[in-house]
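See below for the structure under consideration.
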Amino acid sequence: MEALANVQAFTAVAIGIIVGLGALGAALGIGVMGSKFLEAAARQPELVPMLQGRMFLLAGLIDAAFLIGVGVAMMFAFANPLLAAVQAATGA
């Protein structure tokens with residue numbers, strides 16, 4: 001039973017790391033992209049409509065990468081394949 005508790009504890013830590021670093025990366029990516037968009041818009045205002053569309057496309061892609069990480073973390077939280085392997089190995 002101790003092995004099962006260890007797997008659950010390490011899974012909880014891994015979920016926190018996956019979601020935390022994913023959120024940090026997405027926030028930094030969108031922040032840098034937003035600042036570069038404002039710089040480009042101030043430099044060439046006539047290109048704002050084209051740049052704005054591309055900025056929103058990239059914001060969606062950055063956010064999608066974070067949400068895929070959240071999905072993987074939720075898979076480990078609710079349907080952890082490691083728990084079944086530990087239970088089969090220990091006979092619990």
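Ligands are numbered from 1 in the order shown, residues from 1 within each chain, and chains are lettered A, B, ... in the order they appear in the structure tokens.
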
request  = Just the residues within 10 Å of A:Gly29, please, counting only C-alpha atoms, with nothing from its chain fewer than 6 positions along; format it as a list in words.
outcome  =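 Counting only the stated atoms, we get Ala23, Leu58, Ala59, Ile62 and Asp63 of chain A.
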
Which residues come within 10 Å of A:Val70, counting only C-alpha atoms, excluding same-chain residues fewer than 5 positions away, as a CSV table (one decimal) with C-alpha atoms, in the first residue's frame?
chain,number,residue,atom,x,y,z
A,15,ILE,CA,0.2,17.6,-11.9
A,16,GLY,CA,1.2,20.8,-10.0
A,18,ILE,CA,2.7,20.5,-15.3
A,19,VAL,CA,-0.1,23.0,-14.7
A,20,GLY,CA,2.1,25.6,-13.0
A,22,GLY,CA,2.4,25.5,-18.4
A,23,ALA,CA,0.5,28.5,-17.0
A,64,ALA,CA,-4.1,25.6,-26.7
A,65,ALA,CA,-0.6,24.3,-25.8
A,75,MET,CA,-5.8,12.4,-17.2
A,76,PHE,CA,-3.1,11.6,-14.6

One-decimal distance in Å that lies between atom CA of A:Ala12 and atom CA of A:Gly91 =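 Computing it gives 22.9 Å between the two atoms.
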
task = With a distance cut-off of 10 Å and only C-alpha atoms, select the neighbouring residues of A:Ala77, excluding the residue or stretch itself and same-chain residues fewer than 4 positions from it, and output the selection as an MDAnalysis selection string.
result = chainID A and resid 8 11:12 14:15 71:73 81

Write a file of the just-selected residues containing N, CA and C atoms, as a compact mmCIF listing (two decimals), in the first residue's frame.
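Result file selection-v2.txt:
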# COMPACT_ATOMS: atom_id res chain seq x y z
N GLN A 8 0.57 8.03 -5.89
CA GLN A 8 -0.41 9.10 -5.81
C GLN A 8 0.23 10.42 -5.41
N THR A 11 2.30 11.71 -8.31
CA THR A 11 1.39 12.16 -9.37
C THR A 11 0.84 13.55 -9.05
N ALA A 12 0.50 13.78 -7.78
CA ALA A 12 -0.01 15.10 -7.39
C ALA A 12 1.06 16.18 -7.59
N ALA A 14 3.54 16.02 -9.77
CA ALA A 14 3.72 16.17 -11.22
C ALA A 14 2.59 17.00 -11.83
N ILE A 15 1.37 16.82 -11.35
CA ILE A 15 0.24 17.60 -11.86
C ILE A 15 0.46 19.09 -11.55
N GLY A 71 -5.02 19.05 -19.91
CA GLY A 71 -5.71 17.79 -20.21
C GLY A 71 -4.89 16.57 -19.82
N VAL A 72 -3.61 16.60 -20.10
CA VAL A 72 -2.73 15.50 -19.70
C VAL A 72 -2.66 15.39 -18.18
N ALA A 73 -2.59 16.53 -17.51
CA ALA A 73 -2.55 16.52 -16.04
C ALA A 73 -3.85 15.95 -15.48
N PRO A 81 -2.76 5.74 -15.30
CA PRO A 81 -2.38 4.38 -15.70
C PRO A 81 -1.30 3.78 -14.80

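Residues in contact with A:Ala89 at 12 Å, where only C-alpha atoms are counted and same-chain residues fewer than 3 positions away are skipped, are listed as Met1, Ala3, Leu4, Leu82, Leu83, Ala84, Ala85, Val86 and Ala92 of chain A.
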
Writing out the chosen residues with C-alpha atoms as a compact mmCIF listing (two decimals), in the first residue's frame:
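After the write, again08.txt holds the following:
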# COMPACT_ATOMS: atom_id res chain seq x y z
CA MET A 1 0.00 0.00 0.00
CA ALA A 3 3.88 2.05 -3.15
CA LEU A 4 0.36 3.08 -4.10
CA LEU A 82 0.46 4.10 -13.18
CA LEU A 83 -1.93 3.15 -10.37
CA ALA A 84 -3.17 0.10 -12.26
CA ALA A 85 0.40 -0.99 -12.95
CA VAL A 86 1.37 -0.66 -9.28
CA ALA A 92 -3.40 -5.22 -4.19
